[in-house]
>>> print(open('work07.txt').read())   # compact mmCIF, C-alpha atoms and all ligand atoms
# COMPACT_ATOMS: atom_id res chain seq x y z
CA MET A 1 159.38 143.96 36.23
CA ASN A 2 158.39 141.39 33.57
CA LYS A 3 154.96 139.79 33.68
CA ILE A 4 154.39 136.23 32.46
CA SER A 5 150.91 134.67 32.28
CA PHE A 6 150.67 131.08 33.39
CA TYR A 7 148.06 128.39 33.96
CA LYS A 8 148.07 125.63 36.53
CA TYR A 9 146.99 122.16 35.32
CA GLN A 10 146.85 118.78 37.04
CA GLY A 11 146.55 115.18 35.84
CA THR A 12 145.62 112.74 38.64
CA GLY A 13 147.24 115.16 41.07
CA ASN A 14 150.57 115.51 39.21
CA ASP A 15 150.55 119.30 38.89
CA PHE A 16 152.22 121.63 36.42
CA ILE A 17 152.75 125.31 35.68
CA MET A 18 151.87 125.71 32.02
CA ILE A 19 153.21 128.62 29.96
CA ASP A 20 152.48 129.58 26.34
CA ASN A 21 156.00 130.36 25.12
CA ARG A 22 155.29 130.63 21.41
CA ASN A 23 156.83 134.12 21.53
CA GLN A 24 160.02 132.78 23.23
CA THR A 25 159.92 135.32 26.09
CA PHE A 26 160.29 132.85 29.00
CA PRO A 27 163.85 132.75 30.46
CA LYS A 28 164.38 129.03 29.75
CA ASN A 29 167.90 128.77 31.17
CA ASN A 30 166.99 130.27 34.53
CA THR A 31 167.02 127.06 36.57
CA LYS A 32 166.68 128.97 39.85
CA LEU A 33 163.58 130.82 38.66
CA ILE A 34 161.90 127.59 37.47
CA ALA A 35 162.71 125.85 40.78
CA LYS A 36 161.34 128.86 42.71
CA LEU A 37 158.11 128.94 40.68
CA CYS A 38 157.62 125.23 41.44
CA ASP A 39 158.39 125.69 45.15
CA ARG A 40 155.24 125.13 47.24
CA LYS A 41 156.16 127.76 49.86
CA PHE A 42 158.05 130.48 47.93
CA GLY A 43 156.40 130.06 44.51
CA ILE A 44 153.25 128.84 42.76
CA GLY A 45 153.93 125.23 43.66
CA ALA A 46 154.07 122.36 41.16
CA ASP A 47 155.77 119.06 40.32
CA GLY A 48 157.05 120.64 37.10
CA LEU A 49 156.88 123.52 34.63
CA ILE A 50 155.94 123.05 30.98
CA LEU A 51 156.46 125.40 28.04
CA LEU A 52 154.29 125.16 24.94
CA GLU A 53 156.36 126.28 21.95
CA LEU A 54 156.03 126.34 18.18
CA SER A 55 157.01 123.28 16.12
CA ASN A 56 158.05 123.19 12.46
CA LEU A 57 156.06 120.11 11.53
CA GLN A 58 153.65 119.36 14.40
CA ASP A 59 150.98 121.35 16.27
CA PHE A 60 153.37 122.41 19.06
CA THR A 61 156.46 121.42 21.06
CA MET A 62 156.45 120.43 24.75
CA ILE A 63 159.45 121.46 26.90
CA TYR A 64 159.33 119.92 30.38
CA TYR A 65 161.22 120.97 33.52
CA ASN A 66 161.19 119.04 36.78
CA ALA A 67 160.47 120.92 40.04
CA ASP A 68 164.25 121.19 40.65
CA GLY A 69 164.44 123.53 37.63
CA ASN A 70 166.27 121.13 35.30
CA GLU A 71 164.91 119.92 31.98
CA GLY A 72 163.49 116.43 32.50
CA SER A 73 162.86 113.40 30.34
CA MET A 74 159.29 112.72 29.10
CA CYS A 75 156.40 113.46 31.45
CA GLY A 76 153.25 111.45 30.69
CA ASN A 77 150.85 113.38 32.90
CA GLY A 78 152.39 116.65 31.70
CA GLY A 79 151.91 115.43 28.13
CA ARG A 80 148.21 114.88 28.82
CA CYS A 81 147.94 118.32 30.46
CA ILE A 82 149.63 120.15 27.57
CA VAL A 83 147.12 118.60 25.16
CA ALA A 84 144.29 120.08 27.28
CA PHE A 85 146.20 123.41 27.35
CA ALA A 86 146.64 123.39 23.54
CA LYS A 87 142.90 122.78 23.20
CA GLN A 88 142.19 125.68 25.58
CA LEU A 89 144.48 127.92 23.44
CA LYS A 90 142.54 126.73 20.33
CA ILE A 91 145.75 125.40 18.74
CA ILE A 92 144.10 121.99 18.38
CA ASP A 93 140.59 120.53 18.37
CA THR A 94 140.14 116.83 19.25
CA HIS A 95 143.32 115.26 17.80
CA THR A 96 146.94 116.37 17.79
CA THR A 97 150.52 115.43 17.09
CA PHE A 98 153.29 117.22 18.98
CA ASP A 99 157.02 117.08 19.60
CA ALA A 100 158.52 116.24 23.00
CA VAL A 101 161.95 115.33 24.31
CA ASP A 102 161.46 111.63 23.45
CA GLY A 103 160.03 112.25 19.96
CA LEU A 104 156.65 112.57 18.31
CA HIS A 105 153.43 112.00 20.29
CA GLU A 106 149.84 111.64 19.11
CA ALA A 107 146.88 112.35 21.37
CA LYS A 108 143.14 112.74 21.38
CA ILE A 109 140.99 114.72 23.79
CA ASP A 110 137.32 114.19 24.62
CA LYS A 111 136.05 116.72 27.19
CA ASP A 112 138.68 116.42 29.95
CA ILE A 113 139.88 112.91 29.08
CA VAL A 114 143.19 112.78 27.20
CA SER A 115 144.62 109.64 25.58
CA LEU A 116 148.31 110.11 24.89
CA LYS A 117 150.37 107.78 22.72
CA MET A 118 153.67 106.91 24.37
CA LYS A 119 156.86 105.62 22.75
CA ASN A 120 157.26 101.94 21.86
CA VAL A 121 159.04 99.85 24.47
CA THR A 122 161.49 97.34 23.04
CA GLU A 123 163.38 96.34 26.18
CA VAL A 124 162.21 95.39 29.67
CA GLN A 125 164.98 94.27 32.04
CA LYS A 126 163.92 91.68 34.63
CA PHE A 127 165.84 91.24 37.90
CA ASN A 128 165.09 89.19 41.04
CA THR A 129 163.79 92.18 42.98
CA HIS A 130 162.53 94.54 40.28
CA LEU A 131 162.11 95.42 36.61
CA PHE A 132 163.58 98.37 34.73
CA LEU A 133 162.36 100.00 31.52
CA ASN A 134 162.16 103.34 29.77
CA THR A 135 158.78 104.74 28.69
CA GLY A 136 160.22 108.15 27.79
CA SER A 137 161.60 108.38 31.32
CA PRO A 138 163.52 105.65 33.20
CA HIS A 139 161.51 103.56 35.68
CA HIS A 140 162.48 101.04 38.36
CA ILE A 141 159.48 98.90 39.36
CA ALA A 142 159.21 96.80 42.51
CA PHE A 143 156.14 94.79 43.54
CA VAL A 144 155.47 95.11 47.29
CA ASP A 145 152.90 94.05 49.90
CA ASN A 146 150.94 96.55 52.01
CA ILE A 147 151.62 99.49 49.71
CA ASP A 148 149.48 101.86 51.80
CA SER A 149 151.94 101.71 54.70
CA PHE A 150 155.08 101.35 52.53
CA ASP A 151 157.80 104.00 53.08
CA VAL A 152 157.98 105.26 49.48
CA TYR A 153 160.16 108.29 50.28
CA THR A 154 163.01 106.47 52.08
CA ASN A 155 163.05 103.38 49.87
CA GLY A 156 162.54 105.40 46.68
CA LYS A 157 165.33 107.82 47.51
CA ASN A 158 167.78 105.00 48.33
CA ILE A 159 167.07 103.26 45.03
CA ARG A 160 167.08 106.51 42.99
CA TYR A 161 170.59 107.45 44.20
CA GLY A 162 171.94 103.91 44.60
CA SER A 163 173.63 101.39 42.28
CA PRO A 164 173.36 101.22 39.25
CA TYR A 165 171.61 104.57 38.82
CA PHE A 166 173.64 106.99 40.98
CA GLU A 167 173.54 110.70 39.96
CA GLU A 168 171.66 110.18 36.68
CA GLY A 169 169.01 108.46 38.74
CA THR A 170 165.70 106.86 37.93
CA ASN A 171 162.06 107.22 38.92
CA VAL A 172 161.00 104.49 41.35
CA ASN A 173 157.55 102.85 41.40
CA PHE A 174 156.18 100.57 44.12
CA VAL A 175 153.25 98.43 43.06
CA GLU A 176 150.65 96.14 44.63
CA GLN A 177 148.41 94.03 42.42
CA LYS A 178 144.72 94.42 43.35
CA ASP A 179 143.09 92.14 40.77
CA ASP A 180 143.93 90.67 37.36
CA ASN A 181 144.67 94.02 35.70
CA THR A 182 144.32 96.58 38.49
CA PHE A 183 147.42 97.82 40.27
CA LYS A 184 147.96 100.35 43.02
CA VAL A 185 151.07 102.45 42.29
CA ARG A 186 153.10 104.92 44.34
CA THR A 187 156.04 106.72 42.74
CA TYR A 188 159.18 108.50 43.96
CA GLU A 189 159.99 110.98 41.20
CA ARG A 190 163.46 111.97 40.13
CA GLY A 191 163.71 115.77 39.78
CA VAL A 192 160.94 116.31 42.30
CA GLU A 193 162.92 114.18 44.78
CA ASN A 194 159.80 113.12 46.58
CA GLU A 195 156.70 111.01 46.17
CA THR A 196 154.19 112.61 43.78
CA LEU A 197 150.47 111.83 43.63
CA SER A 198 150.84 110.22 40.20
CA CYS A 199 153.40 109.64 37.44
CA GLY A 200 152.23 109.02 33.87
CA THR A 201 155.37 107.45 32.42
CA GLY A 202 155.54 105.50 35.70
CA VAL A 203 152.11 103.89 35.46
CA THR A 204 152.78 103.18 31.77
CA ALA A 205 155.94 101.36 32.82
CA VAL A 206 154.02 99.46 35.53
CA ALA A 207 151.36 98.22 33.06
CA ILE A 208 154.07 96.96 30.69
CA ALA A 209 156.20 95.48 33.50
CA ALA A 210 153.19 93.64 34.95
CA HIS A 211 152.51 92.08 31.53
CA LYS A 212 156.20 91.20 31.04
CA ALA A 213 156.36 89.62 34.52
CA ASN A 214 153.24 87.52 33.70
CA LYS A 215 151.21 89.14 36.46
CA THR A 216 148.48 89.63 33.86
CA ASP A 217 147.98 88.59 30.26
CA LYS A 218 145.63 91.52 29.58
CA THR A 219 146.90 94.29 27.30
CA ASN A 220 145.20 96.99 29.32
CA ALA A 221 145.55 97.87 32.97
CA PHE A 222 143.99 100.22 35.51
CA LEU A 223 146.52 102.00 37.65
CA LYS A 224 145.32 103.45 40.94
CA THR A 225 147.53 106.33 42.06
CA LEU A 226 147.13 108.57 45.12
CA GLY A 227 145.61 111.19 42.77
CA GLY A 228 143.20 108.98 40.82
CA THR A 229 142.98 106.17 38.30
CA LEU A 230 144.67 106.01 34.89
CA GLU A 231 144.30 103.42 32.15
CA VAL A 232 147.13 102.12 29.98
CA TYR A 233 146.56 99.93 26.92
CA PHE A 234 148.92 98.61 24.27
CA ASP A 235 149.59 96.00 21.59
CA TYR A 236 152.22 93.34 22.25
CA ASP A 237 153.81 92.08 19.09
CA ASN A 238 157.14 90.27 18.61
CA ASN A 239 158.40 91.28 22.06
CA ILE A 240 157.63 94.93 21.35
CA TYR A 241 155.08 97.02 23.24
CA LYS A 242 153.54 99.33 20.64
CA ASN A 243 150.49 101.59 20.31
CA VAL A 244 150.92 102.30 24.02
CA PHE A 245 148.31 104.78 25.27
CA LEU A 246 148.01 106.55 28.63
CA LYS A 247 144.45 107.68 29.30
CA GLY A 248 142.93 109.86 32.03
CA LYS A 249 141.68 113.24 33.16
CA ALA A 250 143.66 116.46 32.63
CA THR A 251 142.22 119.52 34.35
CA LYS A 252 142.83 123.27 34.38
CA VAL A 253 143.07 124.53 37.97
CA PHE A 254 143.64 128.30 37.69
CA LYS A 255 145.28 131.15 35.77
CA GLY A 256 147.79 133.64 37.17
CA GLU A 257 150.57 136.08 36.50
CA ILE A 258 154.25 135.81 37.44
CA GLN A 259 156.28 138.96 38.05
CA THR A 260 160.02 138.49 37.46
CA GLU A 261 162.80 140.97 38.06
CA ALA A 262 164.36 140.78 34.57
N1 LIG B 301 155.60 113.08 36.32
C1 LIG B 301 156.13 112.58 35.14
C2 LIG B 301 157.50 112.03 35.09
C3 LIG B 301 158.46 113.15 34.77
C4 LIG B 301 159.85 112.73 34.46
C5 LIG B 301 160.69 112.53 35.62
N2 LIG B 301 160.46 113.16 36.83
C6 LIG B 301 162.16 112.56 35.21
O1 LIG B 301 162.70 113.52 34.61
O2 LIG B 301 162.75 111.56 35.47
C7 LIG B 301 155.15 111.71 34.38
O3 LIG B 301 153.94 111.91 34.54
O4 LIG B 301 155.58 110.91 33.56
>>> encode(input="work07.txt", output="structure tokens", more="lines below")
Ligand SMILES: N[C@@H](CCC[C@H](N)C(=O)O)C(=O)O
Amino acid sequence: MNKISFYKYQGTGNDFIMIDNRNQTFPKNNTKLIAKLCDRKFGIGADGLILLELSNLQDFTMIYYNADGNEGSMCGNGGRCIVAFAKQLKIIDTHTTFDAVDGLHEAKIDKDIVSLKMKNVTEVQKFNTHLFLNTGSPHHIAFVDNIDSFDVYTNGKNIRYGSPYFEEGTNVNFVEQKDDNTFKVRTYERGVENETLSCGTGVTAVAIAAHKANKTDKTNAFLKTLGGTLEVYFDYDNNIYKNVFLKGKATKVFKGEIQTEA
């Protein structure tokens, strides 16, 4: 039996198993094990699993797996949680730079509030029914009425697997504007294959899409998810969204030990 220590973190209800893998002992290619650990009935239960590893040039490297056990694209809430985890491990103090699948990220942490710099967005595609952009992960965004009663699972799943995304898929966000720069957001997440309580790259995409679609001319927005409120702010310069920050709470939930049969 092998024992692996883990921590559980959550950011606005998007929850993650967090493992310090600086010694490279975690079986990273064991997709079935990762999916089982994330399973809410047979495992610990989480929307994803995150490894903190060493980096040559930065404070650490973030490796993110979706709940289905496959390595995912960037996770904004997971990025905020790993900053809180790195602080808990005393790898960082109040500021950090780290590597992730979509490149270098900067972040600052003040108590349990983490502000995470996201990648620049140079392209936002506008269609009649929706917008599409990549904030480290791909996001389809549709503005809807009556979001509280909207069937996110069925509609999200159809869009995620439908044209033009098919197997590669996309995350799907449904949005209702509440006031000038406040939006209620519900997200169907690729790799979890269900609605989650919050998606960090998703709300980042919503804030940018709302600006691009002229729903607001503010360069900050408050995004109300089922798990709490996040803020996104950015600079808009020459059609480029830069200095994009995702800000909100990241919280440790508990510590535990996994026993594997390897
Ligand atoms: N929950 C995440 C999004 C994670 C990425 C995604 N599920 C994918 O691989 O497409 C977030 O907070 O950004």
>>> closest_atom_pairs(input="work07.txt", of="chain A", to="ligand LIG 301 (chain B)", cutoff="6 Å", atoms="only C-alpha atoms and all ligand atoms", output="JSON lines")
{"residue": "A:Asn66", "atom": "CA", "partner": "B:LIG301", "partner_atom": "N2", "distance": 5.9}
{"residue": "A:Gly72", "atom": "CA", "partner": "B:LIG301", "partner_atom": "O1", "distance": 3.7}
{"residue": "A:Ser73", "atom": "CA", "partner": "B:LIG301", "partner_atom": "O1", "distance": 4.3}
{"residue": "A:Met74", "atom": "CA", "partner": "B:LIG301", "partner_atom": "C4", "distance": 5.4}
{"residue": "A:Cys75", "atom": "CA", "partner": "B:LIG301", "partner_atom": "O4", "distance": 3.4}
{"residue": "A:Gly76", "atom": "CA", "partner": "B:LIG301", "partner_atom": "O4", "distance": 3.7}
{"residue": "A:Asn77", "atom": "CA", "partner": "B:LIG301", "partner_atom": "O3", "distance": 3.8}
{"residue": "A:Gly78", "atom": "CA", "partner": "B:LIG301", "partner_atom": "O3", "distance": 5.7}
{"residue": "A:Ser137", "atom": "CA", "partner": "B:LIG301", "partner_atom": "O2", "distance": 5.4}
{"residue": "A:Asn171", "atom": "CA", "partner": "B:LIG301", "partner_atom": "O2", "distance": 5.6}
{"residue": "A:Glu189", "atom": "CA", "partner": "B:LIG301", "partner_atom": "N2", "distance": 4.9}
{"residue": "A:Arg190", "atom": "CA", "partner": "B:LIG301", "partner_atom": "N2", "distance": 4.6}
{"residue": "A:Gly191", "atom": "CA", "partner": "B:LIG301", "partner_atom": "N2", "distance": 5.1}
{"residue": "A:Cys199", "atom": "CA", "partner": "B:LIG301", "partner_atom": "O3", "distance": 3.7}
{"residue": "A:Gly200", "atom": "CA", "partner": "B:LIG301", "partner_atom": "O3", "distance": 3.4}
{"residue": "A:Thr201", "atom": "CA", "partner": "B:LIG301", "partner_atom": "O4", "distance": 3.6}
{"residue": "A:Gly202", "atom": "CA", "partner": "B:LIG301", "partner_atom": "O4", "distance": 5.8}
>>> closest_residue(input="work07.txt", among="A:Val172, A:Ile147, A:Ala107, A:Cys38", to="A:Asp59", atoms="only C-alpha atoms")
A:Ala107
>>> residues_around(input="work07.txt", residues="A:Val144", least_positions_apart="4", cutoff="8 Å", atoms="only C-alpha atoms", output="PyMOL selection string")
chain A and resi 174-176
>>> residues_around(input="work07.txt", residues="A:Thr25", least_positions_apart="2", cutoff="12 Å", atoms="all atoms listed in the file", output="PyMOL selection string")
chain A and resi 2-5+19-23+27-29+51-53+260+262
>>> axis_aligned_box(input="work07.txt", around="stretch 129-141 of chain A", padding_each_side="8 Å", output="lines of an AutoDock Vina configuration file")
center_x = 161.3
center_y = 100.3
center_z = 35.4
size_x = 21.0
size_y = 32.2
size_z = 31.2
>>> closest_atom_pairs(input="work07.txt", of="stretch 19-123 of chain A", to="stretch 216-232 of chain A", cutoff="12 Å", atoms="all atoms listed in the file", output="Markdown table")
| residue | atom | partner | partner_atom | distance |
| --- | --- | --- | --- | --- |
| A:Gly76 | CA | A:Leu230 | CA | 11.0 |
| A:Asn77 | CA | A:Leu230 | CA | 9.8 |
| A:Arg80 | CA | A:Leu230 | CA | 11.3 |
| A:Ile113 | CA | A:Leu230 | CA | 10.2 |
| A:Val114 | CA | A:Leu230 | CA | 10.4 |
| A:Ser115 | CA | A:Glu231 | CA | 9.1 |
| A:Leu116 | CA | A:Val232 | CA | 9.5 |
| A:Lys117 | CA | A:Val232 | CA | 9.8 |
| A:Met118 | CA | A:Val232 | CA | 9.9 |
>>> closest_residue(input="work07.txt", among="A:Val124, A:Leu131, A:Ala100, A:Ile109", to="A:Ile240", atoms="all atoms listed in the file")
A:Val124
>>> closest_residue(input="work07.txt", among="A:Thr135, A:Ser198, A:Asn214, A:Thr170", to="A:Val244", atoms="all atoms listed in the file")
A:Thr135
>>> atom_distance(input="work07.txt", atom1="atom CA of A:Ala207", atom2="atom CA of A:Gly13")
19.2 Å
>>> atom_distance(input="work07.txt", atom1="atom CA of A:Asp235", atom2="atom CA of A:Tyr188")
27.4 Å
>>> atom_distance(input="work07.txt", atom1="atom CA of A:Tyr161", atom2="atom CA of A:Glu193")
10.2 Å
>>> residues_around(input="work07.txt", residues="A:Ala205", least_positions_apart="3", cutoff="9 Å", atoms="all atoms listed in the file", output="count of residues only")
15
